[in-house]
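For reference, the structure discussed in these notes is given below.
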Amino acid sequence: MTLQTIDTKPYEGQKPGTSGLRKKVKVFQQPHYLANFVQSIFNALGGMTGKTLVVGGDGRYYNREAIQIILKMAAANGVSRVLVGRNGLLSTPAASAVIRKYRTTGGIVLSASHNPGGPDEDFGIKYNIGNGGPAPEKITDAIFAETKTISNYNILDWPDIDLATLGDKLVGDMAVDVIDPVADYQELMQTLFDFRAIRSLFASGFRLRFDAMSAATGPYARAILEGALGAPAGTVVNGEPLEDFGHHHPDPNPVHAKALFDLMYGPDAPDMGAASDGDGDRNIVLGKALYVAPSDSLAALAANAHLAPGYRTGLKGIARSMPTSGAADRVAAKLGIPAFETPTGWKFFGNLLDADMATICGEESAGTGSNHVREKDGLWAVLLWLNIIAARGQNIPAIMREHWQTYGRNYYSRHDYEVLDTTLANDLMAALRGKLSSLVGQNFRGETVAGADDFAYTDPVDGSVSSGQGLRIVFESGSRIVIRLSGTGTEGATLRVYLERYEPAGGNLGMETQEALATMIALADELAEITSRTGRSEPSVVS
Ligand code: VG1
Ligand code: CO
């Protein structure tokens, strides 16, 4: 066993984005690239002597190699113990649960989430802190600063260890515990939901299709849905995690989960459809011929959470990211609890959850979760929906119809323009930013602009400020356009256009979403000059 100190030079561009550092696999495979970033994490944490870590990932291509490197580096940096999921697998919410349960210093999560995997596709890495959640900006900034000055890293000369069998191993003096990736997570779910009621639901013939998209959630969904809850075999499809997700994007949206949408809108639709993403933190939910917009799902889950044992005493508050629709705010108002509006990315929910100011959080991008972990949690959302369906004895369309009749409906859609030229995208944003203040008071297509700004957030717990978080144009009608650039892509720039229109209870609640939003869609194009600047006549993805 030799401790090696390897000379290295900084790589440019190792700045963590919305959710960690995401690059092409080929970028990560450059000499020392991954090691530089890992050592920068360790340096930013002030050294690792005696600390403990959880390490795991979504199983994508390069996951295994990366874990072996990280283990040897952790050992060389003095880490005393690491918990690793068998075969290097841990869904993002499970990693969060394990960090919390075993009170480790933190964890390294290897995932590029919904991005495609394979030798020519994407890889990612992020650090989660001891609360189980993504490192806040002050830590990601410190890591980035380290990447710019790094000159060497520590690694142990030690053979790769066997990650396929459970149990205690050694890397140098460091203990490595290869754990069952599902067990701790499943145990936590059993404390939150009425498994007996959900079992009866399945026993009575309720049919679910869960599409794990050949990604990390497969083993969790099989063990919990088909195992503990008795759903028939075959309920979970694409349940085997594959390094390239079977050549698909593990992104649960109408484009990449098309087979599920086709089934749910077809003649033999089961009662419920659901899917999760590459690392298992996202979810979508569909009823027969009804896709529940993620913003609506957040609102409906919050309104009904008290039906599940883990939330029986009620919610402290509801938090949503700024681009997420205001549907959840209406539930918070009715419950008499606070509603919080944060920037995009789960790291901004951590403080609110830790301070017990919010219990349920969500994002329009198919992410919902609660204070049970510090990440969004795809399977959690599916289980909460099942618990609610069982308790109310109603199907999803009926639950959503009643929800809209009570709260009104926030018609909502996101239009993504992917792989744009970066300069062109930045110019578009700058031009719109430059004219925001002049828009206020003006009338376009019958809609008057009530306010327009570049969203900045002051964390109510620690006072930290995050600016430049998305351009928003709010109309007097309550309708809204939000535009921002993605912070998770690895190729060019992705423009995200978020569209919202509120229809009060008693109004027209049954419209087709894109038709309901037609004016906002036209206005977004007009104000941001999307077609003229990008040459794109339509978005790459509509969700
Ligand atoms: C996207 C989503 C955001 C989410 C993030 C990470 O970020 O919009 O809501 O938190 O992905 O999700 P961006 O910057 O590309 O819009 V995941 O499932 O990749 O960990
Ligand atoms: Co994800």
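Labels used: A, B, ... for chains in the order of the structure tokens, numbers from 1 for residues in each chain, and numbers from 1 for ligands as shown.
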
Per residue of segment 453-476 of chain A within 10 Å of segment 498-508 of chain A, record the nearest atom pair and its distance in Å to one decimal, counting only C-alpha atoms, with rows in chain order and ascending residue number, as a tab-separated table.
residue	atom	partner	partner_atom	distance
A:Arg472	CA	A:Tyr498	CA	9.1
A:Val474	CA	A:Glu500	CA	9.5
A:Phe475	CA	A:Arg501	CA	9.5

Would you mind exporting N, CA, C and O atoms of the selected residues as an mmCIF file, in the first residue's frame?
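Written out: part38.cif:
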data_model
loop_
_atom_site.group_PDB
_atom_site.id
_atom_site.type_symbol
_atom_site.label_atom_id
_atom_site.label_comp_id
_atom_site.auth_asym_id
_atom_site.auth_seq_id
_atom_site.Cartn_x
_atom_site.Cartn_y
_atom_site.Cartn_z
ATOM 1 N N ARG A 472 -38.513 36.826 -15.148
ATOM 2 C CA ARG A 472 -39.958 36.555 -15.058
ATOM 3 C C ARG A 472 -40.760 37.784 -15.437
ATOM 4 O O ARG A 472 -40.414 38.912 -15.084
ATOM 5 N N VAL A 474 -44.668 38.934 -15.192
ATOM 6 C CA VAL A 474 -45.954 38.578 -14.588
ATOM 7 C C VAL A 474 -47.014 39.563 -15.087
ATOM 8 O O VAL A 474 -46.772 40.773 -15.122
ATOM 9 N N PHE A 475 -48.164 39.045 -15.471
ATOM 10 C CA PHE A 475 -49.228 39.884 -16.011
ATOM 11 C C PHE A 475 -50.300 40.136 -14.960
ATOM 12 O O PHE A 475 -50.419 39.381 -13.990
#

- Message: How would you report the residues lying within 7 Å of ligand 2, as an MDAnalysis selection string, if you count only C-alpha atoms and all ligand atoms?
- Response: chainID A and resid 113:114 277:282

- Which residue, A:Arg392, A:Lys101, A:Lys9, A:Lys347, has the smallest gap to ligand 1 when you use only C-alpha atoms and all ligand atoms?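 Selected residue with least distance to ligand 1: A:Lys347.
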
- Spatial neighbours of Leu34 of chain A, max dist 9 Å, only C-alpha atoms, sep filter under 3 positions, as number ranges by chain: A: 27-31, 37-39, 66, 69-70, 125

Output as a Markdown table one row per residue of chain A within 8 Å of ligand 1: the closest atom pair and its distance in Å to one decimal place, counting only C-alpha atoms and all ligand atoms, sorted by chain and residue number ascending.
| residue | atom | partner | partner_atom_place_in_ligand_line | distance |
| --- | --- | --- | --- | --- |
| A:Gly17 | CA | ligand 1 | 14 (O) | 7.0 |
| A:Thr18 | CA | ligand 1 | 14 (O) | 4.8 |
| A:Ser19 | CA | ligand 1 | 6 (C) | 5.2 |
| A:Thr92 | CA | ligand 1 | 20 (O) | 7.8 |
| A:Ser111 | CA | ligand 1 | 20 (O) | 7.6 |
| A:Ala112 | CA | ligand 1 | 19 (O) | 6.1 |
| A:Ser113 | CA | ligand 1 | 19 (O) | 4.3 |
| A:His114 | CA | ligand 1 | 19 (O) | 5.5 |
| A:Asn115 | CA | ligand 1 | 19 (O) | 7.4 |
| A:Asp277 | CA | ligand 1 | 18 (O) | 6.6 |
| A:Gly278 | CA | ligand 1 | 18 (O) | 7.5 |
| A:Asp279 | CA | ligand 1 | 18 (O) | 6.8 |
| A:Gly280 | CA | ligand 1 | 18 (O) | 7.5 |
| A:Asp281 | CA | ligand 1 | 18 (O) | 5.5 |
| A:Arg282 | CA | ligand 1 | 18 (O) | 5.4 |
| A:Ser321 | CA | ligand 1 | 9 (O) | 7.4 |
| A:Thr344 | CA | ligand 1 | 9 (O) | 5.2 |
| A:Gly345 | CA | ligand 1 | 10 (O) | 3.6 |
| A:Trp346 | CA | ligand 1 | 10 (O) | 5.3 |
| A:Glu363 | CA | ligand 1 | 9 (O) | 5.4 |
| A:Glu364 | CA | ligand 1 | 9 (O) | 6.4 |
| A:Ser365 | CA | ligand 1 | 9 (O) | 4.8 |
| A:Ala366 | CA | ligand 1 | 9 (O) | 7.6 |
| A:Gly367 | CA | ligand 1 | 9 (O) | 7.0 |
| A:Lys376 | CA | ligand 1 | 18 (O) | 7.9 |
| A:Arg484 | CA | ligand 1 | 16 (O) | 7.7 |
| A:Leu485 | CA | ligand 1 | 16 (O) | 6.7 |
| A:Ser486 | CA | ligand 1 | 15 (O) | 3.7 |
| A:Gly487 | CA | ligand 1 | 14 (O) | 3.4 |
| A:Thr488 | CA | ligand 1 | 15 (O) | 4.0 |
| A:Gly489 | CA | ligand 1 | 15 (O) | 6.0 |
| A:Thr494 | CA | ligand 1 | 15 (O) | 7.6 |
| A:Arg496 | CA | ligand 1 | 16 (O) | 7.0 |
